[in-house]
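A.B. asks: Sharing a structure here in structure tokens format.
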Amino acid sequence: MFRTALRNVLAHKARLLMTVLAVMLGVAFVSGTLVFTDTFGSAYKNKSAKSFDHVSVAIHQDGGGSRYDGSQDGKQPPRLTDKLLAKAKGLPGAGSAIGTYSGFTALADKDGKLVGGDWGTTGANYYPGESGKDPRYDFTEGAAPQSAGQIALDSSTADRTGYRVGDTVRYSTDGPVRSAKVSGVFDTDDGSVVAGGSLVVFDNRTAREVLNKTEYDEIDVKAAAGTSEAALKSAVEKILPKDTEAETGASLKADQDRMIEQNTESMSQVLLIFAGIALFVGIFIIANTFTMLVAQRTKELALMRAVGASRRQVTRSVLIEAFLVGLIAAVAGFALGIGVAVGLESLMNAGGATLPDGPLVIGPTTVVTALVIGVVVTMLAAWLPGRRAAKIPPVAAMNSVHAAPTVRGLVVRNTIGSLIVALGVVMLFMKDNYVKAGGSGVILVGVIVLTPLLARPFIAAAGPLLKPFGVTGKLSRLNSLRNPRRTASTASALMIGLTLVTAMTVVATSMGSAINKMAADSMRADYIVSMANYQPLTPKVRAQLDKLPEVAASTPLRTTSGEADGSYTRITGVDAASFDKLVSLDYTSGSAAALKAGGVLVDKPLADKKGLKAGDTVPVEFDDDKTARLKVGGVYEPNEMVDGLFAPTSVVDPHLNKISDQQLLLKMKGGASDAAEDKIVKALGDNPAIKIQDKDALSDEIGGAINMMLNMLYGLLAMAILVAVLGVINTLAMSVFERKHEIGMLRAIGLDRAKIKQMVRLESVVISLFGAVLGVGLGLFLGWVAGDSIAGTVKTYTMEVPAGRILLFLAVAAVVGVLAAVWPARSAARLNPLQAIKSD
């Protein structure tokens, strides 16, 4: 049986080509993802390990980790001080010690735009040790900064911006713009720089001032020769102030490695989901291929049964073929996957992520996974056709080359499919969103099972559209209906991809509109002013803008959190006098006027939970553990942009470690205009770190993020669509081979080559459009189901059907049908009529 299976694989190389390609692409996606994430993780680990070379023991705030921000603890006496640093240096076994500052620092490029905004804009200190050098930075040009008028830049940022030693640059840390000269350029292993961010280095005193630090973020101690990290840690622990802790460099590196592993694992999981979708689509192609191969070899299999082969042996021979095909596809897919990994790296670098250099990491797990997936998926998909082949009685098989599917089999399939769909519909009526999501998946499976039943009415409905093509249109329609299972299986592959694409498009479009409506309904302000990367904004910005005669009203949004009557909530401090002019809330009781008397505004869910209404008093415990009893001045309906508890700044400020604004809302006397925006920009010194957005800009930013995410998902689903296209090509090509005799007869009675090509093309378009219409219809349904769940939390959400994109999807499906038919149509047209008629 093995020799027979091997001979069949070699005999049907061309017909198995598309199956090999489908499996190969799926395996390439999987193995490429695994190789890329392993390589990415390994390179980052190696790079980050170097950043701990100068750290044997790190001292930082208890629980704060190595990224503790010393500026956030202004209410506590400083602990990581120069005095502690001196003590650490003098410990037995300590070779050297440095204090580190780090914080947000926005750098403007030569066009005035923010550098490294997507990946991190960081400022740090230069702390010269006894040698006069800071081990964190290796200068390649110039020297370290010595005064407030100097800074140093990392080499990647210098290359991107074109700044050189001696150039004047503009930067900002919390609002006001400052200028300094570039004193030097250095190489660094800092993670944010490796990822495409920027690093600005100040001298130690300037860093403390501009980053607004009250103490060091961390004190790093390097062990002297012959002293272990553990021994040094024991010595350091004896001098630790209250609420600080010591951690070894090995422990910090292990923590960093774990974080990198988590990040790469999350990325890997997302990519593998889409690889799984591509492989799932490939199952339909594999099953179709083996079903058609088995049908074409019915007499051969019947003869094998007649000479003594058992059913099990026949099934086994088909599975051996599948094993060989899967093995070839898996090996080829793994090799292609290495290329995919390199391509992903290039794509990330082109998108602005500067990935660290490192060799490709191909682990044994990746190799085994690729081989197992390729072989197992192929064998599973081929098992049912093999089982069907074994069940055909030898005598019946010898009487007919093409055994049509039995009516009983279709009835059983349709019954099962209907039950699955019914189960999915029942799950949709459950309250739990996870159960609803599961119900959507169950319905998708049910529709896949029912596609043979749905094929007949759809193709019948397409009859009038095919009528103008005459006899070729009629033949293409009849060929599509000849084997409903085959047509359904081919269309299902395309349907799955378009279902997901359509559902995501509907949800994304509807969500974008909901957020736009939310912003329009909630905001009376003309402009929202904020720092880049969600950094806090100094109150000096408001003071500066309030001097403009064009500003009619302004309010800061100062955010903290706490417990209102035991329920954790966000607490936002606002200007009581101007809040109502800048924010529009839907009040169920009370009003914003109560803010002027020291009252607070509470969102309705919290009010309902605690039974609160205007005039009641609510106990509030702030994050600094201090409490207050506040009078409820109003209860309002929240949304995704406005929620929590609003209080006057006079109530919130005493509980903040540092007075800073999350955002600043502005109302202009003449409304939003280009002239008004220019006034604001100039008043802030053309600051690269500050975003000034009107409602349209805010909507564009949100819409841009949604579209970017949607385009990424389109790209990831493109693999599944490509595999589905291969399925259409494969089905048509094998169908042409199967119908050699019939095509020869058509040629003999006068159908020319052009008409033969047209017949195959129309058949391909019918199948593709069938899959596309099913996919779009099911995608709209799933989009509605998802939207129903979203509408429960996003009040402004209403389902919107992006008709333009839907029509584009259908047009692309028609084009796919035409392109997929090129090779099969050409093969059909080139058949010799006489030889085709003689074929059996």
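Letters A, B, ... go to the chains of the structure tokens in the order shown; residues in each chain start at 1; ligands are counted from 1 in the same order.
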Could you list, as a PyMOL selection string, every residue within 10 Å of range 519-522 of chain A, counting only C-alpha atoms and ignoring same-chain residues fewer than 3 positions away?

C.D. replies: chain A and resi 513-516+525+582-586+638-642+695-696+698-699+796

A.B. asks: Next, write the just-selected residues to a file, as a tab-separated table (two decimals), in the first residue's frame, keeping all heavy atoms as the atom set.

C.D. replies:
chain	number	residue	atom	x	y	z
A	513	SER	N	-17.49	55.98	14.35
A	513	SER	CA	-18.61	56.93	14.34
A	513	SER	C	-19.14	57.17	15.74
A	513	SER	O	-19.52	58.30	16.10
A	513	SER	CB	-19.75	56.39	13.45
A	513	SER	OG	-19.32	56.26	12.12
A	514	ALA	N	-19.17	56.11	16.57
A	514	ALA	CA	-19.66	56.24	17.94
A	514	ALA	C	-18.77	57.18	18.75
A	514	ALA	O	-19.26	58.03	19.51
A	514	ALA	CB	-19.72	54.87	18.61
A	515	ILE	N	-17.46	57.04	18.56
A	515	ILE	CA	-16.52	57.90	19.30
A	515	ILE	C	-16.62	59.34	18.82
A	515	ILE	O	-16.56	60.28	19.61
A	515	ILE	CB	-15.09	57.35	19.17
A	515	ILE	CG1	-14.98	56.01	19.92
A	515	ILE	CG2	-14.07	58.33	19.73
A	515	ILE	CD1	-13.70	55.28	19.73
A	516	ASN	N	-16.79	59.52	17.50
A	516	ASN	CA	-16.96	60.87	16.97
A	516	ASN	C	-18.20	61.54	17.57
A	516	ASN	O	-18.17	62.70	17.97
A	516	ASN	CB	-17.10	60.84	15.44
A	516	ASN	CG	-15.80	60.49	14.76
A	516	ASN	OD1	-14.75	60.52	15.39
A	516	ASN	ND2	-15.86	60.13	13.50
A	525	ALA	N	-15.71	72.36	24.48
A	525	ALA	CA	-14.41	73.00	24.29
A	525	ALA	C	-14.04	73.01	22.81
A	525	ALA	O	-14.41	72.12	22.05
A	525	ALA	CB	-13.35	72.25	25.08
A	582	LEU	N	-17.27	74.10	29.11
A	582	LEU	CA	-16.33	73.31	28.31
A	582	LEU	C	-16.73	71.85	28.14
A	582	LEU	O	-16.28	71.19	27.21
A	582	LEU	CB	-14.94	73.37	28.96
A	582	LEU	CG	-14.34	74.78	28.98
A	582	LEU	CD1	-13.35	74.93	30.10
A	582	LEU	CD2	-13.69	75.08	27.64
A	583	VAL	N	-17.55	71.34	29.04
A	583	VAL	CA	-17.97	69.94	28.98
A	583	VAL	C	-19.49	69.87	29.08
A	583	VAL	O	-20.09	70.52	29.95
A	583	VAL	CB	-17.34	69.11	30.12
A	583	VAL	CG1	-17.83	67.66	30.08
A	583	VAL	CG2	-15.83	69.15	30.03
A	584	SER	N	-20.11	69.10	28.18
A	584	SER	CA	-21.57	68.95	28.18
A	584	SER	C	-21.93	67.59	28.75
A	584	SER	O	-21.57	66.56	28.18
A	584	SER	CB	-22.10	69.08	26.75
A	584	SER	OG	-23.49	68.84	26.71
A	585	LEU	N	-22.64	67.59	29.89
A	585	LEU	CA	-23.05	66.34	30.51
A	585	LEU	C	-24.57	66.25	30.55
A	585	LEU	O	-25.27	67.26	30.64
A	585	LEU	CB	-22.50	66.25	31.94
A	585	LEU	CG	-20.97	66.23	32.10
A	585	LEU	CD1	-20.60	66.18	33.58
A	585	LEU	CD2	-20.36	65.06	31.35
A	586	ASP	N	-25.05	65.01	30.48
A	586	ASP	CA	-26.49	64.75	30.55
A	586	ASP	C	-26.83	64.43	32.01
A	586	ASP	O	-26.59	63.32	32.49
A	586	ASP	CB	-26.84	63.57	29.62
A	586	ASP	CG	-28.32	63.24	29.64
A	586	ASP	OD1	-29.10	64.06	30.16
A	586	ASP	OD2	-28.69	62.15	29.15
A	638	PRO	N	-22.64	58.76	32.12
A	638	PRO	CA	-21.25	58.72	31.62
A	638	PRO	C	-21.17	58.16	30.20
A	638	PRO	O	-22.15	57.65	29.66
A	638	PRO	CB	-20.58	57.76	32.61
A	638	PRO	CG	-21.68	56.79	32.95
A	638	PRO	CD	-22.96	57.58	32.94
A	639	ASN	N	-20.01	58.27	29.60
A	639	ASN	CA	-19.70	57.57	28.35
A	639	ASN	C	-18.23	57.19	28.36
A	639	ASN	O	-17.56	57.32	29.39
A	639	ASN	CB	-20.07	58.43	27.12
A	639	ASN	CG	-19.34	59.76	27.11
A	639	ASN	OD1	-18.15	59.84	27.41
A	639	ASN	ND2	-20.06	60.83	26.76
A	640	GLU	N	-17.73	56.70	27.24
A	640	GLU	CA	-16.35	56.21	27.21
A	640	GLU	C	-15.33	57.33	27.38
A	640	GLU	O	-14.18	57.07	27.71
A	640	GLU	CB	-16.08	55.50	25.87
A	640	GLU	CG	-16.86	54.22	25.68
A	640	GLU	CD	-16.54	53.19	26.74
A	640	GLU	OE1	-15.37	52.79	26.83
A	640	GLU	OE2	-17.44	52.80	27.48
A	641	MET	N	-15.74	58.59	27.16
A	641	MET	CA	-14.81	59.70	27.27
A	641	MET	C	-14.94	60.46	28.59
A	641	MET	O	-13.99	61.09	29.04
A	641	MET	CB	-15.02	60.68	26.10
A	641	MET	CG	-14.74	60.08	24.74
A	641	MET	SD	-14.87	61.28	23.42
A	641	MET	CE	-13.41	62.27	23.69
A	642	VAL	N	-16.10	60.40	29.20
A	642	VAL	CA	-16.36	61.15	30.43
A	642	VAL	C	-17.01	60.23	31.45
A	642	VAL	O	-18.12	59.74	31.24
A	642	VAL	CB	-17.29	62.36	30.16
A	642	VAL	CG1	-17.53	63.13	31.44
A	642	VAL	CG2	-16.73	63.26	29.08
A	695	LYS	N	-12.01	69.18	17.73
A	695	LYS	CA	-12.82	67.95	17.69
A	695	LYS	C	-12.50	67.12	16.45
A	695	LYS	O	-12.45	65.89	16.51
A	695	LYS	CB	-14.31	68.30	17.72
A	695	LYS	CG	-14.77	68.86	19.06
A	695	LYS	CD	-16.24	69.23	19.01
A	695	LYS	CE	-16.67	69.91	20.31
A	695	LYS	NZ	-18.08	70.34	20.29
A	696	ASP	N	-12.28	67.79	15.32
A	696	ASP	CA	-11.97	67.06	14.08
A	696	ASP	C	-10.64	66.33	14.20
A	696	ASP	O	-10.50	65.18	13.78
A	696	ASP	CB	-11.93	68.02	12.89
A	696	ASP	CG	-13.32	68.54	12.53
A	696	ASP	OD1	-14.31	67.89	12.92
A	696	ASP	OD2	-13.40	69.60	11.88
A	698	LEU	N	-9.19	65.36	16.96
A	698	LEU	CA	-9.35	64.26	17.90
A	698	LEU	C	-10.01	63.07	17.22
A	698	LEU	O	-9.57	61.92	17.38
A	698	LEU	CB	-10.20	64.72	19.09
A	698	LEU	CG	-10.41	63.72	20.22
A	698	LEU	CD1	-9.08	63.38	20.89
A	698	LEU	CD2	-11.39	64.27	21.25
A	699	SER	N	-11.05	63.34	16.41
A	699	SER	CA	-11.73	62.27	15.68
A	699	SER	C	-10.79	61.62	14.67
A	699	SER	O	-10.79	60.40	14.50
A	699	SER	CB	-12.96	62.83	14.96
A	699	SER	OG	-13.90	63.31	15.88
A	796	THR	N	-23.35	55.52	22.48
A	796	THR	CA	-23.52	56.16	21.17
A	796	THR	C	-23.29	55.20	20.01
A	796	THR	O	-23.35	55.60	18.85
A	796	THR	CB	-22.54	57.35	21.03
A	796	THR	OG1	-21.21	56.89	21.28
A	796	THR	CG2	-22.89	58.46	22.00

A.B. asks: Identify all residues of range 565-779 of chain A in helix (DSSP H, G or I) (DSSP on the backbone) and supply them as a PyMOL selection string.

C.D. replies: chain A and resi 579-582+592-597+604-610+649-655+674-683+695-738+740-748+753-779

A.B. asks: Please provide as a ChimeraX atom specification all residues within 7 Å of range 181-189 of chain A, with the sequence filter that same-chain residues fewer than 3 positions apart are discarded (counting only C-alpha atoms).

C.D. replies: /A:47-48,50-51,136-145,149-155,164-169,194

A.B. asks: Let's have the selection written as a compact mmCIF listing (two decimals), in the first residue's frame, with N, CA, C and O atoms.

C.D. replies:
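What follows is the written file result04.txt:
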# COMPACT_ATOMS: atom_id res chain seq x y z
N LYS A 47 20.66 42.35 24.05
CA LYS A 47 20.92 43.79 24.09
C LYS A 47 20.67 44.35 25.48
O LYS A 47 21.46 45.13 26.02
N SER A 48 19.54 43.92 26.10
CA SER A 48 19.21 44.45 27.43
C SER A 48 20.19 43.95 28.48
O SER A 48 20.42 44.63 29.49
N LYS A 50 23.31 43.78 28.25
CA LYS A 50 24.46 44.69 28.31
C LYS A 50 24.15 45.92 29.17
O LYS A 50 25.05 46.50 29.76
N SER A 51 22.86 46.31 29.21
CA SER A 51 22.51 47.51 29.99
C SER A 51 22.61 47.26 31.49
O SER A 51 22.50 48.20 32.27
N ARG A 136 27.09 53.83 31.26
CA ARG A 136 25.91 53.59 30.43
C ARG A 136 26.06 54.12 29.01
O ARG A 136 25.35 53.70 28.10
N TYR A 137 26.99 55.07 28.81
CA TYR A 137 27.07 55.75 27.53
C TYR A 137 28.49 55.68 26.97
O TYR A 137 29.46 55.98 27.67
N ASP A 138 28.57 55.31 25.69
CA ASP A 138 29.86 55.22 25.00
C ASP A 138 29.89 56.31 23.93
O ASP A 138 29.24 56.18 22.88
N PHE A 139 30.60 57.41 24.18
CA PHE A 139 30.58 58.55 23.27
C PHE A 139 31.41 58.27 22.02
O PHE A 139 32.57 57.85 22.09
N THR A 140 30.80 58.54 20.86
CA THR A 140 31.47 58.36 19.58
C THR A 140 31.87 59.71 18.97
O THR A 140 32.72 59.78 18.10
N GLU A 141 31.18 60.78 19.40
CA GLU A 141 31.50 62.13 18.94
C GLU A 141 31.37 63.08 20.13
O GLU A 141 30.48 62.91 20.98
N GLY A 142 32.19 64.11 20.18
CA GLY A 142 32.08 65.13 21.20
C GLY A 142 32.30 64.60 22.61
O GLY A 142 33.04 63.63 22.82
N ALA A 143 31.62 65.22 23.57
CA ALA A 143 31.81 64.86 24.98
C ALA A 143 30.49 64.96 25.73
O ALA A 143 29.48 65.43 25.20
N ALA A 144 30.50 64.52 26.97
CA ALA A 144 29.31 64.54 27.81
C ALA A 144 28.93 65.98 28.14
O ALA A 144 29.78 66.87 28.17
N PRO A 145 27.63 66.25 28.38
CA PRO A 145 27.19 67.61 28.73
C PRO A 145 27.75 68.04 30.09
O PRO A 145 27.87 67.22 31.01
N GLY A 149 23.15 74.37 29.42
CA GLY A 149 23.01 74.72 28.01
C GLY A 149 23.48 73.64 27.06
O GLY A 149 23.60 73.87 25.85
N GLN A 150 23.76 72.42 27.59
CA GLN A 150 24.26 71.34 26.74
C GLN A 150 23.44 70.06 26.95
O GLN A 150 22.93 69.81 28.05
N ILE A 151 23.35 69.28 25.90
CA ILE A 151 22.75 67.94 25.97
C ILE A 151 23.57 67.02 25.07
O ILE A 151 24.34 67.48 24.22
N ALA A 152 23.38 65.72 25.25
CA ALA A 152 23.97 64.72 24.35
C ALA A 152 22.84 63.87 23.79
O ALA A 152 21.80 63.69 24.43
N LEU A 153 23.03 63.36 22.57
CA LEU A 153 22.00 62.55 21.89
C LEU A 153 22.52 61.15 21.61
O LEU A 153 23.72 60.96 21.36
N ASP A 154 21.61 60.17 21.60
CA ASP A 154 22.00 58.83 21.17
C ASP A 154 22.27 58.85 19.67
O ASP A 154 21.71 59.68 18.93
N SER A 155 23.12 57.94 19.21
CA SER A 155 23.56 57.96 17.81
C SER A 155 22.42 57.70 16.83
O SER A 155 22.40 58.29 15.74
N ARG A 164 24.24 67.32 14.71
CA ARG A 164 25.65 67.06 14.93
C ARG A 164 26.14 67.90 16.12
O ARG A 164 25.44 68.81 16.58
N VAL A 165 27.32 67.57 16.62
CA VAL A 165 27.90 68.30 17.75
C VAL A 165 27.97 69.79 17.41
O VAL A 165 28.44 70.18 16.34
N GLY A 166 27.47 70.63 18.31
CA GLY A 166 27.46 72.07 18.11
C GLY A 166 26.12 72.61 17.66
O GLY A 166 25.87 73.83 17.75
N ASP A 167 25.22 71.75 17.16
CA ASP A 167 23.90 72.20 16.73
C ASP A 167 23.04 72.58 17.94
O ASP A 167 23.18 72.00 19.03
N THR A 168 22.13 73.53 17.74
CA THR A 168 21.18 73.92 18.78
C THR A 168 19.88 73.14 18.58
O THR A 168 19.34 73.09 17.46
N VAL A 169 19.39 72.55 19.65
CA VAL A 169 18.15 71.76 19.56
C VAL A 169 17.13 72.31 20.55
O VAL A 169 17.47 73.01 21.50
N VAL A 194 16.57 51.23 21.37
CA VAL A 194 16.62 50.04 20.50
C VAL A 194 15.30 49.88 19.75
O VAL A 194 15.26 49.46 18.60

A.B. asks: For Leu774 in chain A, which residue out of A:Leu498, A:Ala460, A:Leu722, A:Met523 is the nearest one, using only C-alpha atoms?

C.D. replies: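 Using only C-alpha atoms, the shortest distance to Leu774 in chain A belongs to A:Leu498.
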
A.B. asks: Hey, which of A:Val361, A:Leu831, A:Val177, A:Val651 ends up closest to Leu746 in chain A? Count only C-alpha atoms.

C.D. replies: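 Of the candidates, the smallest distance to Leu746 in chain A is held by A:Leu831.
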
A.B. asks: Quick one: pull the distance between CA of Pro176 in chain A and CA of Ala676 in chain A, Å, one decimal.

C.D. replies: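 One can read the CA of Pro176 in chain A to CA of Ala676 in chain A distance as 19.5 Å.
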
A.B. asks: Output as a PyMOL selection string all residues of range 446-607 of chain A that backbone DSSP marks as strand (DSSP E).

C.D. replies: chain A and resi 527-531+551-564+567-574+586-590+600-603

A.B. asks: Since we have the selection now, will you write its residues out, keeping N, CA and C atoms, as a compact mmCIF listing (two decimals), in the first residue's frame?

C.D. replies:
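See out_35.txt below for the written result:
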# COMPACT_ATOMS: atom_id res chain seq x y z
N TYR A 527 -10.72 73.31 21.92
CA TYR A 527 -9.42 72.65 21.81
C TYR A 527 -9.12 71.83 23.05
N ILE A 528 -8.43 70.73 22.83
CA ILE A 528 -7.89 69.91 23.93
C ILE A 528 -6.37 69.98 23.81
N VAL A 529 -5.72 70.44 24.88
CA VAL A 529 -4.25 70.57 24.89
C VAL A 529 -3.69 69.50 25.81
N SER A 530 -2.71 68.74 25.31
CA SER A 530 -2.13 67.66 26.13
C SER A 530 -0.68 67.44 25.72
N MET A 531 0.05 66.73 26.56
CA MET A 531 1.42 66.37 26.24
C MET A 531 1.44 65.09 25.40
N VAL A 551 -8.83 83.55 24.46
CA VAL A 551 -9.31 82.45 25.29
C VAL A 551 -10.48 82.92 26.15
N ALA A 552 -11.64 82.27 25.97
CA ALA A 552 -12.85 82.64 26.71
C ALA A 552 -12.96 81.88 28.02
N ALA A 553 -12.52 80.63 28.03
CA ALA A 553 -12.61 79.80 29.24
C ALA A 553 -11.63 78.65 29.13
N SER A 554 -11.18 78.17 30.29
CA SER A 554 -10.29 77.00 30.28
C SER A 554 -10.46 76.24 31.58
N THR A 555 -10.16 74.94 31.50
CA THR A 555 -10.15 74.14 32.73
C THR A 555 -9.12 73.03 32.58
N PRO A 556 -8.37 72.78 33.64
CA PRO A 556 -7.48 71.61 33.61
C PRO A 556 -8.28 70.35 33.96
N LEU A 557 -7.76 69.21 33.59
CA LEU A 557 -8.28 67.92 34.05
C LEU A 557 -7.15 67.27 34.84
N ARG A 558 -7.25 67.28 36.16
CA ARG A 558 -6.22 66.71 37.04
C ARG A 558 -6.74 65.41 37.62
N THR A 559 -6.12 64.33 37.22
CA THR A 559 -6.68 63.02 37.52
C THR A 559 -5.96 62.33 38.67
N THR A 560 -6.75 61.82 39.59
CA THR A 560 -6.26 60.91 40.63
C THR A 560 -7.32 59.83 40.78
N SER A 561 -7.27 59.09 41.84
CA SER A 561 -8.28 58.04 42.04
C SER A 561 -8.48 57.83 43.53
N GLY A 562 -9.52 57.10 43.86
CA GLY A 562 -9.84 56.84 45.26
C GLY A 562 -11.11 56.03 45.37
N GLU A 563 -11.62 55.92 46.56
CA GLU A 563 -12.84 55.15 46.81
C GLU A 563 -13.96 56.08 47.26
N ALA A 564 -15.06 56.06 46.51
CA ALA A 564 -16.24 56.82 46.89
C ALA A 564 -17.23 55.86 47.54
N SER A 567 -16.39 52.30 46.69
CA SER A 567 -16.26 51.91 45.27
C SER A 567 -15.11 52.68 44.63
N TYR A 568 -14.16 51.96 44.06
CA TYR A 568 -12.98 52.59 43.45
C TYR A 568 -13.41 53.35 42.21
N THR A 569 -12.95 54.59 42.07
CA THR A 569 -13.36 55.42 40.94
C THR A 569 -12.27 56.42 40.59
N ARG A 570 -12.35 56.94 39.37
CA ARG A 570 -11.43 58.00 38.95
C ARG A 570 -11.97 59.33 39.46
N ILE A 571 -11.08 60.17 39.99
CA ILE A 571 -11.46 61.48 40.51
C ILE A 571 -10.71 62.54 39.71
N THR A 572 -11.45 63.44 39.09
CA THR A 572 -10.85 64.45 38.22
C THR A 572 -11.11 65.84 38.78
N GLY A 573 -10.03 66.59 38.96
CA GLY A 573 -10.14 67.96 39.43
C GLY A 573 -10.32 68.91 38.26
N VAL A 574 -11.30 69.82 38.36
CA VAL A 574 -11.61 70.76 37.27
C VAL A 574 -11.81 72.16 37.84
N ASP A 586 -25.05 65.01 30.48
CA ASP A 586 -26.49 64.75 30.55
C ASP A 586 -26.83 64.43 32.01
N TYR A 587 -27.39 65.42 32.73
CA TYR A 587 -27.64 65.26 34.16
C TYR A 587 -28.99 64.60 34.42
N THR A 588 -28.98 63.64 35.34
CA THR A 588 -30.24 63.04 35.80
C THR A 588 -30.74 63.74 37.06
N SER A 589 -29.84 64.42 37.78
CA SER A 589 -30.22 65.28 38.90
C SER A 589 -29.09 66.26 39.17
N GLY A 590 -29.42 67.44 39.68
CA GLY A 590 -28.41 68.44 39.97
C GLY A 590 -27.83 69.08 38.72
N VAL A 600 -19.52 67.85 44.24
CA VAL A 600 -18.90 66.95 43.25
C VAL A 600 -19.98 66.39 42.33
N LEU A 601 -19.54 66.00 41.12
CA LEU A 601 -20.42 65.36 40.15
C LEU A 601 -20.10 63.87 40.11
N VAL A 602 -21.14 63.04 40.15
CA VAL A 602 -20.96 61.59 40.23
C VAL A 602 -21.64 60.94 39.03
N ASP A 603 -20.99 59.93 38.41
CA ASP A 603 -21.64 59.27 37.28
C ASP A 603 -22.78 58.36 37.77

A.B. asks: Which residue, A:Asn657, A:Ser591, A:Thr291, A:Thr472, has the smallest gap to Ser489 in chain A when you use only C-alpha atoms?

C.D. replies: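 Using only C-alpha atoms, the shortest distance to Ser489 in chain A belongs to A:Thr291.
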
A.B. asks: Pick out the closest residue to Val776 in chain A from this set: A:Lys626, A:Arg477, A:Arg805, A:Lys755. Count only C-alpha atoms.

C.D. replies: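 For Val776 in chain A, the nearest of the given residues is A:Arg805.
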
A.B. asks: Given only C-alpha atoms as the basis, pick out the residue of A:Gly779, A:Gly417, A:Gly337, A:Pro824 nearest to Glu763 in chain A.

C.D. replies: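 Result for the nearest residue to Glu763 in chain A: A:Pro824.
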
A.B. asks: Using only C-alpha atoms, which residue out of A:Val818, A:Ile756, A:Val723, A:Leu444 lies closest to Leu782 in chain A?

C.D. replies: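 Of all the options, A:Leu444 lies closest to Leu782 in chain A.
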
A.B. asks: At what distance in Å, to one decimal, does CA of Thr499 in chain A lie from CA of Ala733 in chain A?

C.D. replies: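 According to the coordinates, CA of Ala733 in chain A and CA of Thr499 in chain A are separated by 25.6 Å.
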